[in-house]
file input-v2.txt (compact mmCIF, C-alpha atoms)
# COMPACT_ATOMS: atom_id res chain seq x y z
CA MET A 1 0.00 0.00 0.00
CA PRO A 2 1.42 3.46 -0.91
CA GLU A 3 2.57 5.92 1.76
CA LEU A 4 0.25 8.68 2.93
CA SER A 5 0.89 12.11 1.43
CA ASN A 6 2.36 14.82 3.65
CA GLU A 7 -0.94 16.69 3.42
CA TRP A 8 -2.34 14.31 6.05
CA ILE A 9 0.34 15.59 8.44
CA TYR A 10 -0.55 19.23 7.72
CA TRP A 11 -4.25 18.42 8.21
CA SER A 12 -3.49 16.64 11.47
CA LEU A 13 -1.34 19.51 12.77
CA MET A 14 -3.97 22.08 11.79
CA ASN A 15 -6.64 20.23 13.75
CA GLY A 16 -4.56 18.37 16.32
CA LEU A 17 -2.72 21.35 17.83
CA PRO A 18 -5.99 23.14 18.73
CA ALA A 19 -7.14 19.84 20.24
CA VAL A 20 -4.00 19.71 22.42
CA PHE A 21 -4.61 23.31 23.51
CA ALA A 22 -8.28 22.62 24.30
CA THR A 23 -7.36 19.47 26.26
CA LEU A 24 -4.88 21.30 28.48
CA ALA A 25 -7.12 24.34 28.91
CA PHE A 26 -10.27 22.39 29.78
CA LEU A 27 -8.55 19.98 32.16
CA LEU A 28 -6.14 22.37 33.89
CA VAL A 29 -7.86 25.78 33.80
CA PRO A 30 -11.43 25.69 35.16
CA ALA A 31 -11.97 29.33 34.19
CA PHE A 32 -11.48 28.34 30.53
CA ASP A 33 -15.06 27.03 30.61
CA ARG A 34 -16.21 30.67 30.45
CA TRP A 35 -13.58 31.79 27.93
CA PHE A 36 -14.46 29.17 25.34
CA ALA A 37 -16.51 29.61 22.15
CA TRP A 38 -19.63 29.35 24.31
CA ASP A 39 -20.12 29.40 28.07
CA VAL A 40 -19.66 25.84 29.33
CA LEU A 41 -21.99 26.08 32.29
CA ASP A 42 -21.04 22.93 34.22
CA ARG A 43 -17.45 22.07 35.16
CA ARG A 44 -18.18 18.40 34.46
CA SER A 45 -18.99 19.33 30.85
CA GLY A 46 -15.64 21.16 30.64
CA ILE A 47 -13.77 18.11 31.98
CA THR A 48 -15.57 15.79 29.54
CA LEU A 49 -14.81 18.14 26.65
CA GLY A 50 -11.16 18.03 27.79
CA THR A 51 -11.04 14.22 27.68
CA GLY A 52 -12.81 14.27 24.30
CA PHE A 53 -10.27 16.67 22.83
CA LEU A 54 -7.50 14.53 24.31
CA MET A 55 -8.87 11.62 22.27
CA ARG A 56 -8.91 13.85 19.18
CA ALA A 57 -5.30 14.94 19.80
CA VAL A 58 -4.21 11.30 20.18
CA MET A 59 -6.11 10.40 17.00
CA PHE A 60 -4.26 13.10 15.03
CA TRP A 61 -0.96 11.91 16.55
CA PHE A 62 -1.65 8.42 15.19
CA ILE A 63 -2.46 9.88 11.75
CA ILE A 64 0.85 11.78 11.72
CA ASN A 65 2.66 8.53 12.48
CA ALA A 66 0.62 6.34 10.11
CA ALA A 67 2.52 4.85 7.21
CA SER A 68 -0.43 4.05 4.97
CA PHE A 69 -4.08 4.85 4.35
CA GLY A 70 -5.10 1.41 5.65
CA GLN A 71 -4.02 2.41 9.18
CA ILE A 72 -6.36 5.40 9.32
CA ARG A 73 -9.32 4.21 7.27
CA TRP A 74 -11.21 3.38 10.49
CA LEU A 75 -11.59 7.05 11.42
CA LEU A 76 -13.28 8.33 8.25
CA ALA A 77 -16.91 7.51 9.09
CA GLY A 78 -16.60 8.55 12.74
CA ASN A 79 -14.75 11.75 11.96
CA THR A 80 -17.35 12.77 9.39
CA VAL A 81 -20.14 12.21 11.94
CA TYR A 82 -18.18 14.20 14.53
CA ALA A 83 -17.50 17.16 12.21
CA VAL A 84 -21.13 17.33 11.04
CA ILE A 85 -22.43 17.25 14.64
CA LEU A 86 -20.07 19.99 15.78
CA LEU A 87 -20.70 22.23 12.77
CA GLY A 88 -24.42 21.51 13.10
CA ALA A 89 -24.35 22.58 16.76
CA THR A 90 -22.57 25.78 15.73
CA MET A 91 -25.04 26.64 12.98
CA VAL A 92 -28.23 25.60 14.73
CA HIS A 93 -27.37 27.15 18.10
CA GLY A 94 -25.22 30.02 16.85
CA ASN A 95 -27.05 32.42 19.15
CA LEU A 96 -25.48 30.67 22.17
CA PHE A 97 -21.94 31.18 20.88
CA LYS A 98 -19.86 34.15 22.04
CA TRP A 99 -18.83 35.52 18.66
CA ARG A 100 -16.86 38.40 20.18
CA ARG A 101 -14.35 35.83 21.45
CA PRO A 102 -11.76 34.99 18.75
CA ILE A 103 -11.87 31.34 19.85
CA ALA A 104 -15.47 31.10 18.58
CA VAL A 105 -14.39 32.22 15.11
CA ILE A 106 -11.42 29.80 15.23
CA TRP A 107 -13.87 27.03 16.24
CA LEU A 108 -16.12 27.79 13.25
CA TYR A 109 -13.13 27.89 10.89
CA LEU A 110 -11.79 24.55 12.19
CA TYR A 111 -15.08 22.71 11.78
CA ILE A 112 -15.52 23.99 8.22
CA GLU A 113 -11.90 23.33 7.30
CA GLU A 114 -11.63 19.84 8.77
CA PRO A 115 -14.37 18.11 6.73
CA VAL A 116 -13.77 20.24 3.61
CA TRP A 117 -10.06 19.34 3.51
CA MET A 118 -11.11 15.68 3.67
CA LEU A 119 -12.87 16.18 0.29
CA THR A 120 -9.46 15.98 -1.40
CA LEU A 121 -7.43 14.01 1.16
CA VAL A 122 -9.65 10.93 1.19
CA PRO A 123 -10.32 10.53 -2.58
CA GLU A 124 -6.61 11.08 -3.36
CA ALA A 125 -5.60 8.44 -0.81
CA GLN A 126 -8.27 6.05 -2.11
CA ALA A 127 -7.12 6.59 -5.70
CA ALA A 128 -3.49 5.93 -4.72
CA VAL A 129 -4.53 2.73 -2.96
CA ALA A 130 -6.59 1.58 -5.97
CA ALA A 131 -3.70 2.37 -8.33
CA SER A 132 -1.26 0.35 -6.21
CA GLY A 133 -3.42 -2.76 -6.50
CA VAL A 134 -3.05 -3.46 -2.76
CA THR A 135 -6.37 -2.46 -1.19
CA ASN A 136 -5.91 -3.85 2.35
CA LEU A 137 -3.06 -4.20 4.80
CA ALA A 138 -2.06 -7.81 5.15
CA GLY A 139 -2.22 -9.59 8.48
CA ASP A 140 -4.38 -11.56 10.87
CA PRO A 141 -8.08 -10.72 11.01
CA VAL A 142 -9.46 -8.96 14.10
CA ASN A 143 -10.39 -11.65 16.64
CA THR A 144 -14.09 -12.50 17.06
CA PHE A 145 -14.17 -11.44 20.72
CA LEU A 146 -12.89 -7.96 19.89
CA VAL A 147 -15.28 -7.67 16.95
CA ALA A 148 -18.17 -8.48 19.30
CA VAL A 149 -16.93 -5.90 21.85
CA LEU A 150 -16.72 -3.25 19.13
CA TRP A 151 -20.30 -3.92 18.01
CA ILE A 152 -21.45 -3.71 21.64
CA GLU A 153 -19.51 -0.47 22.03
CA ALA A 154 -21.20 0.97 18.94
CA LEU A 155 -24.59 0.25 20.52
CA VAL A 156 -23.58 1.71 23.90
CA MET A 157 -22.19 4.83 22.24
CA LEU A 158 -25.36 5.23 20.16
CA VAL A 159 -27.53 5.17 23.30
CA ALA A 160 -25.14 7.50 25.15
CA GLY A 161 -24.95 9.96 22.25
CA ILE A 162 -28.68 10.04 21.52
CA SER A 163 -29.56 10.45 25.21
CA LEU A 164 -27.94 13.89 25.11
CA TYR A 165 -30.63 14.98 22.62
CA LEU A 166 -33.42 13.91 24.98
CA PRO A 167 -33.62 16.63 27.65
CA ASN A 168 -36.08 14.64 29.77
CA ARG A 169 -34.03 11.42 29.67
CA VAL A 170 -30.46 12.67 29.76
CA GLU A 171 -30.12 12.54 33.56
CA SER A 172 -31.03 8.85 33.60
CA ILE A 173 -27.92 8.07 31.53
CA TRP A 174 -25.47 10.91 32.11
CA PRO A 175 -24.28 11.93 35.61
CA TRP A 176 -25.23 15.54 34.88
CA LYS A 177 -27.28 17.60 32.44
CA PRO A 178 -25.00 19.68 30.19
CA ASP A 179 -26.03 23.03 28.73
CA THR A 180 -27.46 22.83 25.19
CA VAL A 181 -24.31 23.39 23.11
CA SER A 182 -22.01 21.44 25.45
CA GLY A 183 -24.49 18.53 25.36
CA ILE A 184 -24.52 18.40 21.56
CA VAL A 185 -20.74 18.77 21.29
CA ILE A 186 -20.18 16.09 23.96
CA SER A 187 -22.59 13.82 22.02
CA GLY A 188 -20.17 14.14 19.09
CA PHE A 189 -17.61 11.97 20.91
CA PRO A 190 -19.77 8.86 21.51
CA LEU A 191 -21.54 9.27 18.16
CA MET A 192 -18.15 9.50 16.46
CA TRP A 193 -17.32 6.16 18.06
CA VAL A 194 -20.50 4.59 16.71
CA GLY A 195 -19.01 5.07 13.24
CA SER A 196 -15.44 4.30 14.30
CA SER A 197 -16.32 1.15 16.28
CA ILE A 198 -18.30 -0.26 13.36
CA SER A 199 -15.41 0.59 10.98
CA LEU A 200 -12.97 -1.14 13.33
CA ALA A 201 -15.23 -4.19 13.66
CA LEU A 202 -15.35 -4.44 9.86
CA SER A 203 -11.59 -3.93 9.40
CA PRO A 204 -10.12 -6.53 7.05
CA SER A 205 -7.05 -7.02 9.24
CA TRP A 206 -5.66 -6.25 12.71
CA ALA A 207 -3.02 -4.01 11.10
CA GLU A 208 -5.83 -1.69 9.97
CA ALA A 209 -7.58 -1.73 13.36
CA VAL A 210 -4.81 -1.59 15.94
CA ASP A 211 -4.38 2.21 16.00
CA GLY A 212 -8.12 2.77 16.31
CA VAL A 213 -8.44 0.30 19.17
CA LEU A 214 -5.58 2.04 21.01
CA VAL A 215 -7.16 5.50 20.52
CA ASN A 216 -10.42 4.01 21.77
CA ILE A 217 -8.83 2.59 24.93
CA ILE A 218 -6.93 5.82 25.64
CA TRP A 219 -10.12 7.88 25.35
CA LEU A 220 -12.20 5.61 27.58
CA ALA A 221 -9.35 5.45 30.11
CA ALA A 222 -9.13 9.26 30.11
CA VAL A 223 -12.88 9.54 30.79
CA PHE A 224 -12.64 6.96 33.58
CA LEU A 225 -9.61 8.67 35.14
CA SER A 226 -11.41 12.01 35.01
CA LEU A 227 -14.26 10.46 37.01
CA LEU A 228 -11.75 9.30 39.64
CA ILE A 229 -9.70 12.49 39.77
CA TRP A 230 -12.77 14.75 40.03
CA ASN A 231 -14.84 12.14 41.94
CA LYS A 232 -16.39 14.69 44.31
CA ARG A 233 -17.53 16.85 41.45
CA PHE A 234 -18.96 13.89 39.51
CA ASP A 235 -20.43 12.50 42.76
CA LEU A 236 -19.64 8.81 42.47
CA SER A 237 -22.17 8.07 45.21
CA LYS A 238 -24.98 8.69 42.69
CA PRO A 239 -26.23 5.44 41.07
CA VAL A 240 -26.26 6.99 37.57
CA THR A 241 -22.61 8.06 37.93
CA ARG A 242 -21.63 4.58 39.10
CA VAL A 243 -23.40 2.98 36.13
CA PHE A 244 -21.69 5.50 33.82
CA ALA A 245 -18.28 4.70 35.34
CA GLY A 246 -19.04 0.96 35.37
CA VAL A 247 -19.99 0.81 31.70
CA ASN A 248 -16.90 2.86 30.88
CA LEU A 249 -14.63 0.54 32.85
CA ALA A 250 -16.29 -2.57 31.39
CA LEU A 251 -15.61 -1.33 27.86
CA ILE A 252 -11.97 -0.58 28.72
CA VAL A 253 -11.49 -4.06 30.23
CA LEU A 254 -13.20 -5.80 27.30
CA LEU A 255 -11.17 -3.84 24.73
CA VAL A 256 -7.91 -4.57 26.59
CA ILE A 257 -8.81 -8.29 26.75
CA GLY A 258 -9.54 -8.24 23.02
CA TYR A 259 -6.24 -6.43 22.41
CA VAL A 260 -4.29 -8.98 24.51
CA ILE A 261 -6.00 -11.94 22.79
CA GLN A 262 -5.00 -10.48 19.44
CA MET B 1 -21.53 18.71 -18.99
CA SER B 2 -20.84 16.66 -15.89
CA THR B 3 -23.51 15.03 -13.73
CA ALA B 4 -22.90 17.61 -11.00
CA GLN B 5 -23.58 20.42 -13.48
CA HIS B 6 -26.75 18.69 -14.68
CA LEU B 7 -27.96 18.39 -11.09
CA LEU B 8 -27.21 22.03 -10.27
CA LEU B 9 -28.80 23.36 -13.47
CA ILE B 10 -31.96 21.29 -13.04
CA GLY B 11 -32.08 22.22 -9.32
CA GLY B 12 -31.59 25.88 -10.23
CA LEU B 13 -34.39 25.76 -12.78
CA ILE B 14 -36.73 24.07 -10.28
CA ASN B 15 -36.04 26.93 -7.88
CA ILE B 16 -36.53 29.62 -10.54
CA LEU B 17 -39.75 27.97 -11.75
CA THR B 18 -40.98 27.80 -8.16
CA SER B 19 -40.10 31.45 -7.73
CA VAL B 20 -42.10 32.39 -10.82
CA LEU B 21 -45.11 30.39 -9.59
CA VAL B 22 -44.85 31.93 -6.10
CA GLY B 23 -44.60 35.36 -7.77
CA TYR B 24 -47.82 34.65 -9.65
CA ALA B 25 -49.57 33.44 -6.47
CA LEU B 26 -48.35 36.55 -4.67
CA PHE B 27 -49.74 38.79 -7.42
CA TRP B 28 -53.07 36.98 -7.34
CA THR B 29 -53.25 37.20 -3.53
CA ARG B 30 -52.58 40.94 -3.59
CA VAL B 31 -55.15 41.58 -6.29
CA HIS B 32 -57.70 39.49 -4.42
CA ASP B 33 -57.06 41.18 -1.04
CA PRO B 34 -54.77 44.28 -1.19
CA LYS B 35 -54.79 44.60 2.65
CA ARG B 36 -53.51 41.07 3.26
CA ARG B 37 -49.97 40.77 4.74
CA THR B 38 -47.69 39.13 2.16
CA LEU B 39 -44.23 39.48 3.74
CA SER B 40 -43.68 35.71 4.07
CA GLY B 41 -44.85 35.25 0.47
CA LEU B 42 -42.24 37.75 -0.68
CA VAL B 43 -39.61 35.95 1.39
CA SER B 44 -40.61 32.67 -0.28
CA HIS B 45 -40.36 34.32 -3.73
CA LYS B 46 -36.91 35.74 -2.96
CA ILE B 47 -35.51 32.57 -1.36
CA THR B 48 -36.38 30.40 -4.36
CA LEU B 49 -35.16 33.06 -6.82
CA TRP B 50 -31.79 33.52 -5.09
CA ASN B 51 -31.33 29.79 -4.57
CA GLY B 52 -31.87 29.37 -8.31
CA PHE B 53 -29.12 31.93 -9.04
CA LEU B 54 -26.88 30.31 -6.44
CA LEU B 55 -27.22 26.88 -8.07
CA PHE B 56 -26.52 28.34 -11.54
CA SER B 57 -23.33 30.01 -10.29
CA LEU B 58 -22.20 26.84 -8.52
CA ALA B 59 -22.81 24.93 -11.77
CA VAL B 60 -20.11 27.10 -13.34
CA ALA B 61 -17.66 26.84 -10.43
CA ILE B 62 -18.00 23.15 -9.65
CA GLU B 63 -16.22 22.15 -12.88
CA HIS B 64 -13.01 23.72 -11.56
CA THR B 65 -12.82 22.09 -8.12
CA GLY B 66 -10.58 19.23 -9.18
CA PHE B 67 -12.62 16.92 -6.94
CA THR B 68 -13.59 13.43 -8.05
CA PRO B 69 -17.00 13.20 -9.83
CA GLN B 70 -18.42 11.41 -6.76
CA VAL B 71 -17.49 14.30 -4.45
CA ASN B 72 -18.87 16.89 -6.91
CA ASN B 73 -22.11 14.90 -7.27
CA LEU B 74 -22.44 14.68 -3.48
CA LEU B 75 -21.97 18.44 -3.11
CA ALA B 76 -24.45 19.15 -5.92
CA ILE B 77 -27.11 16.80 -4.52
CA ALA B 78 -26.72 18.29 -1.02
CA GLU B 79 -27.12 21.85 -2.31
CA VAL B 80 -30.07 21.06 -4.58
CA VAL B 81 -31.93 19.13 -1.87
CA ILE B 82 -31.35 21.78 0.80
CA SER B 83 -32.40 24.61 -1.57
CA ILE B 84 -35.64 22.80 -2.40
CA LEU B 85 -36.32 22.11 1.29
CA ALA B 86 -35.69 25.79 2.06
CA GLY B 87 -38.25 26.74 -0.60
CA VAL B 88 -40.79 24.24 0.69
CA ARG B 89 -40.29 25.46 4.27
CA SER B 90 -40.78 29.09 3.22
CA MET B 91 -44.00 28.18 1.39
CA ILE B 92 -45.31 26.25 4.42
CA ILE B 93 -44.59 29.33 6.53
CA TRP B 94 -46.48 31.50 4.03
CA ALA B 95 -49.42 29.07 3.83
CA ARG B 96 -49.68 29.03 7.63
CA GLY B 97 -49.72 32.81 7.73
CA ILE B 98 -46.63 33.09 9.92
CA GLY B 99 -45.03 36.53 9.63
CA ASN B 100 -41.84 35.86 11.59
CA ILE B 101 -40.76 32.25 12.27
CA PHE B 102 -38.23 33.41 14.83
CA ARG B 103 -41.01 34.89 16.96
CA GLN B 104 -44.01 32.79 16.11
CA ASP B 105 -43.08 29.25 15.19
CA SER B 106 -41.82 26.04 16.72
CA PRO B 107 -38.17 25.87 17.83
CA PHE B 108 -37.66 22.98 15.40
CA LEU B 109 -38.77 24.93 12.31
CA MET B 110 -36.74 27.91 13.50
CA ARG B 111 -33.59 25.85 14.19
CA SER B 112 -33.96 23.92 10.91
CA VAL B 113 -32.87 27.14 9.17
CA GLY B 114 -29.49 26.56 10.83
CA ILE B 115 -29.21 23.07 9.33
CA GLY B 116 -29.81 24.58 5.89
CA HIS B 117 -27.09 27.15 6.57
CA MET B 118 -24.71 24.36 7.63
CA VAL B 119 -25.17 22.51 4.33
CA ASP B 120 -24.84 25.77 2.36
CA LEU B 121 -21.66 26.62 4.24
CA LEU B 122 -20.08 23.19 3.76
CA VAL B 123 -20.93 23.02 0.05
CA VAL B 124 -19.87 26.58 -0.79
CA ALA B 125 -16.72 26.33 1.36
CA GLY B 126 -15.94 22.98 -0.28
CA ILE B 127 -16.30 24.37 -3.81
CA PHE B 128 -14.31 27.47 -2.85
CA TYR B 129 -11.56 25.23 -1.45
CA GLY B 130 -11.48 23.07 -4.59
CA VAL B 131 -11.45 26.02 -7.00
CA ALA B 132 -8.77 27.79 -4.91
CA ARG B 133 -6.58 24.66 -5.10
CA THR B 134 -7.05 24.62 -8.87
CA VAL B 135 -6.30 28.34 -9.22
CA PHE B 136 -3.12 28.07 -7.13
CA GLY B 137 -2.08 24.82 -8.79
CA ILE B 138 -2.06 22.77 -5.56
call {"tool": "encode", "arguments": {"input": "input-v2.txt", "output": "structure tokens"}}
result
Amino acid sequence: MPELSNEWIYWSLMNGLPAVFATLAFLLVPAFDRWFAWDVLDRRSGITLGTGFLMRAVMFWFIINAASFGQIRWLLAGNTVYAVILLGATMVHGNLFKWRRPIAVIWLYLYIEEPVWMLTLVPEAQAAVAASGVTNLAGDPVNTFLVAVLWIEALVMLVAGISLYLPNRVESIWPWKPDTVSGIVISGFPLMWVGSSISLALSPSWAEAVDGVLVNIIWLAAVFLSLLIWNKRFDLSKPVTRVFAGVNLALIVLLVIGYVIQ
Amino acid sequence: MSTAQHLLLIGGLINILTSVLVGYALFWTRVHDPKRRTLSGLVSHKITLWNGFLLFSLAVAIEHTGFTPQVNNLLAIAEVVISILAGVRSMIIWARGIGNIFRQDSPFLMRSVGIGHMVDLLVVAGIFYGVARTVFGI
């Protein structure tokens, strides 16, 4: 399979560096919640956005280090879903954004640029792969246990993501009720993983899935650690928070088992 | 002509034809009842007219994006569908006698305008990006 063009690195830096900045700012600077593109009204939303952007930063790091298109194919569906949700939140709830803050304009630019740049990156990579005659990375298939876990994860993420659009049901699934824009943006992370988990489950070989599974584990571990580090704020004594943490931990354990079996 | 151009030209003509028909209905309504409020009818007339012009101009530009035919077709279909939905929505608003959807209508209908803007923004930014790459030889 041919090597990825350098444009993937530029694309990853353009979108990954802001993700690194947002991760550090959301996790380390509580006041950043009120300096962001919109007012993040609950600190728990800010922390969850921080862990989500950490996952995005790690994902871009893996793209920078990927040798071929096969290694990053898993992210295309999920990333498209994510970009559409975030741009949709911006356009539909634009009145809740703080457009006097430069970061809001940078946010809008990034979520137009990211999917639009993919319009040339993906077809060019696909054409190069087709021209090479080698369409998949060789190697062992993904083991059945891990495939099953990924399908279960897709279902869990679908329920988690959709619950954030149901104002009357959200508190029965999430440990808190985010403000409107934060809720939609946070939903982008699990809904992204609906697409990515299915792509990983359908990967033709482990070589094409390994990076995605690692990003997945890192993200879930970051969310779980955030619940432990800020346990008082998330209130782990609440049943809904314990279920949230339990499901998160179960997915991490199952993915790690699948990874070890592989 | 490419498929994307066909789609944009047909979509543009559907919008222009709708605009002409809405213009006729607007004329008839005013003649029938000169005191009747027709602001939302005028909005409907203008939306379909301008969307028609927009699709015609994109039909010219889309040939220079350098994108694959599949990407161009996807962009064209998205823009045609969203322009027709915008026209239909504006006519529903007119038929229901709503003067200002932002004050008088359901949050869903109001927020759906934003979804239309999102598609417009993605398609136009995408075509701009493709044409710019072609112009600068990237």
call {"tool": "closest_residue", "arguments": {"input": "input-v2.txt", "among": "B:Met118, B:Ile14, B:Ala125, B:Ile138", "to": "A:Ile85", "atoms": "all atoms listed in the file"}}
result
B:Met118
call {"tool": "atom_distance", "arguments": {"input": "input-v2.txt", "atom1": "atom CA of A:Ser205", "atom2": "atom CA of A:Phe60"}}
result
21.1 Å
call {"tool": "interface_residues", "arguments": {"input": "input-v2.txt", "of": "chain A", "to": "chain B", "cutoff": "6 Å", "atoms": "all atoms listed in the file", "output": "list in words"}}
result
Met91, Val92 and Val116 of chain A
call {"tool": "atom_distance", "arguments": {"input": "input-v2.txt", "atom1": "atom CA of A:Val147", "atom2": "atom CA of A:Ile186"}}
result
25.3 Å
call {"tool": "residues_around", "arguments": {"input": "input-v2.txt", "residues": "stretch 41-54 of chain A", "least_positions_apart": "6", "cutoff": "6 Å", "atoms": "all atoms listed in the file", "output": "list in words"}}
result
Ala19, Thr23, Phe26, Leu27, Asp33, Ala222 and Val223 of chain A
call {"tool": "residues_around", "arguments": {"input": "input-v2.txt", "residues": "B:Leu55", "least_positions_apart": "6", "cutoff": "8 Å", "atoms": "only C-alpha atoms", "output": "mmCIF file with C-alpha atoms, in the coordinates of the input"}}
result
data_model
loop_
_atom_site.group_PDB
_atom_site.id
_atom_site.type_symbol
_atom_site.label_atom_id
_atom_site.label_comp_id
_atom_site.auth_asym_id
_atom_site.auth_seq_id
_atom_site.Cartn_x
_atom_site.Cartn_y
_atom_site.Cartn_z
ATOM 1 C CA LEU B 8 -27.210 22.030 -10.270
ATOM 2 C CA LEU B 9 -28.800 23.360 -13.470
ATOM 3 C CA GLY B 11 -32.080 22.220 -9.320
ATOM 4 C CA GLY B 12 -31.590 25.880 -10.230
ATOM 5 C CA GLU B 79 -27.120 21.850 -2.310
ATOM 6 C CA VAL B 80 -30.070 21.060 -4.580
#
call {"tool": "atom_distance", "arguments": {"input": "input-v2.txt", "atom1": "atom CA of B:Gly97", "atom2": "atom CA of B:Pro34"}}
result
15.4 Å
call {"tool": "residues_near_point", "arguments": {"input": "input-v2.txt", "point": "(-13.2, -14.1, 22.6)", "cutoff": "8 Å", "atoms": "all atoms listed in the file", "output": "PyMOL selection string"}}
result
chain A and resi 143-146+258+261
call {"tool": "residues_around", "arguments": {"input": "input-v2.txt", "residues": "A:Arg56", "least_positions_apart": "4", "cutoff": "12 Å", "atoms": "only C-alpha atoms", "output": "compact mmCIF listing (two decimals) with C-alpha atoms, in the frame of the given file"}}
result
# COMPACT_ATOMS: atom_id res chain seq x y z
CA SER A 12 -3.49 16.64 11.47
CA LEU A 13 -1.34 19.51 12.77
CA ASN A 15 -6.64 20.23 13.75
CA GLY A 16 -4.56 18.37 16.32
CA LEU A 17 -2.72 21.35 17.83
CA PRO A 18 -5.99 23.14 18.73
CA ALA A 19 -7.14 19.84 20.24
CA VAL A 20 -4.00 19.71 22.42
CA PHE A 21 -4.61 23.31 23.51
CA ALA A 22 -8.28 22.62 24.30
CA THR A 23 -7.36 19.47 26.26
CA LEU A 49 -14.81 18.14 26.65
CA GLY A 50 -11.16 18.03 27.79
CA THR A 51 -11.04 14.22 27.68
CA GLY A 52 -12.81 14.27 24.30
CA PHE A 60 -4.26 13.10 15.03
CA TRP A 61 -0.96 11.91 16.55
CA PHE A 62 -1.65 8.42 15.19
CA ILE A 63 -2.46 9.88 11.75
CA LEU A 75 -11.59 7.05 11.42
CA GLY A 78 -16.60 8.55 12.74
CA ASN A 79 -14.75 11.75 11.96
CA TYR A 82 -18.18 14.20 14.53
CA ALA A 83 -17.50 17.16 12.21
CA GLY A 188 -20.17 14.14 19.09
CA PHE A 189 -17.61 11.97 20.91
CA MET A 192 -18.15 9.50 16.46
CA TRP A 193 -17.32 6.16 18.06
CA GLY A 212 -8.12 2.77 16.31
CA VAL A 215 -7.16 5.50 20.52
CA ASN A 216 -10.42 4.01 21.77
CA ILE A 218 -6.93 5.82 25.64
CA TRP A 219 -10.12 7.88 25.35
CA ALA A 222 -9.13 9.26 30.11
call {"tool": "residues_around", "arguments": {"input": "input-v2.txt", "residues": "stretch 224-239 of chain A", "least_positions_apart": "2", "cutoff": "7 Å", "atoms": "only C-alpha atoms", "output": "PyMOL selection string"}}
result
chain A and resi 44+175+220-222+241-243+245+248-249
call {"tool": "write_last_selection", "arguments": {"input": "input-v2.txt", "atoms": "C-alpha atoms", "output": "PDB file, keeping the file's coordinate frame"}}
result
ATOM      1  CA  ARG A  44     -18.180  18.400  34.460  1.00  0.00           C
ATOM      2  CA  PRO A 175     -24.280  11.930  35.610  1.00  0.00           C
ATOM      3  CA  LEU A 220     -12.200   5.610  27.580  1.00  0.00           C
ATOM      4  CA  ALA A 221      -9.350   5.450  30.110  1.00  0.00           C
ATOM      5  CA  ALA A 222      -9.130   9.260  30.110  1.00  0.00           C
ATOM      6  CA  THR A 241     -22.610   8.060  37.930  1.00  0.00           C
ATOM      7  CA  ARG A 242     -21.630   4.580  39.100  1.00  0.00           C
ATOM      8  CA  VAL A 243     -23.400   2.980  36.130  1.00  0.00           C
ATOM      9  CA  ALA A 245     -18.280   4.700  35.340  1.00  0.00           C
ATOM     10  CA  ASN A 248     -16.900   2.860  30.880  1.00  0.00           C
ATOM     11  CA  LEU A 249     -14.630   0.540  32.850  1.00  0.00           C
TER      12      LEU A 249
END
call {"tool": "closest_residue", "arguments": {"input": "input-v2.txt", "among": "A:Trp11, A:Val256, A:Leu214, A:Leu164", "to": "A:Ser182", "atoms": "all atoms listed in the file"}}
result
A:Leu164
call {"tool": "closest_residue", "arguments": {"input": "input-v2.txt", "among": "B:Ser83, B:Ile93, B:Leu21, B:Val135", "to": "B:Thr38", "atoms": "all atoms listed in the file"}}
result
B:Ile93
call {"tool": "closest_residue", "arguments": {"input": "input-v2.txt", "among": "A:Gln71, A:Ser199, A:Thr120, A:Thr80", "to": "A:Glu153", "atoms": "only C-alpha atoms"}}
result
A:Ser199
call {"tool": "axis_aligned_box", "arguments": {"input": "input-v2.txt", "around": "stretch 70-85 of chain B", "padding_each_side": "3 Å", "output": "AutoDock Vina command-line options"}}
result
--center_x -26.9 --center_y 18.0 --center_z -3.0 --size_x 24.8 --size_y 19.2 --size_z 14.6
call {"tool": "closest_residue", "arguments": {"input": "input-v2.txt", "among": "A:Ile106, A:Met118, A:Met59, A:Ile112", "to": "A:Trp74", "atoms": "only C-alpha atoms"}}
result
A:Met59
call {"tool": "residues_around", "arguments": {"input": "input-v2.txt", "residues": "A:Trp151", "least_positions_apart": "4", "cutoff": "10 Å", "atoms": "only C-alpha atoms", "output": "CSV table (one decimal) with C-alpha atoms, in the frame of the given file"}}
result
chain,number,residue,atom,x,y,z
A,146,LEU,CA,-12.9,-8.0,19.9
A,147,VAL,CA,-15.3,-7.7,17.0
A,155,LEU,CA,-24.6,0.2,20.5
A,156,VAL,CA,-23.6,1.7,23.9
A,157,MET,CA,-22.2,4.8,22.2
A,194,VAL,CA,-20.5,4.6,16.7
A,197,SER,CA,-16.3,1.2,16.3
A,198,ILE,CA,-18.3,-0.3,13.4
A,199,SER,CA,-15.4,0.6,11.0
A,200,LEU,CA,-13.0,-1.1,13.3
A,201,ALA,CA,-15.2,-4.2,13.7
A,202,LEU,CA,-15.4,-4.4,9.9
call {"tool": "closest_residue", "arguments": {"input": "input-v2.txt", "among": "A:Val247, A:Leu191, A:Ala138, A:Val81", "to": "A:Ser68", "atoms": "all atoms listed in the file"}}
result
A:Ala138
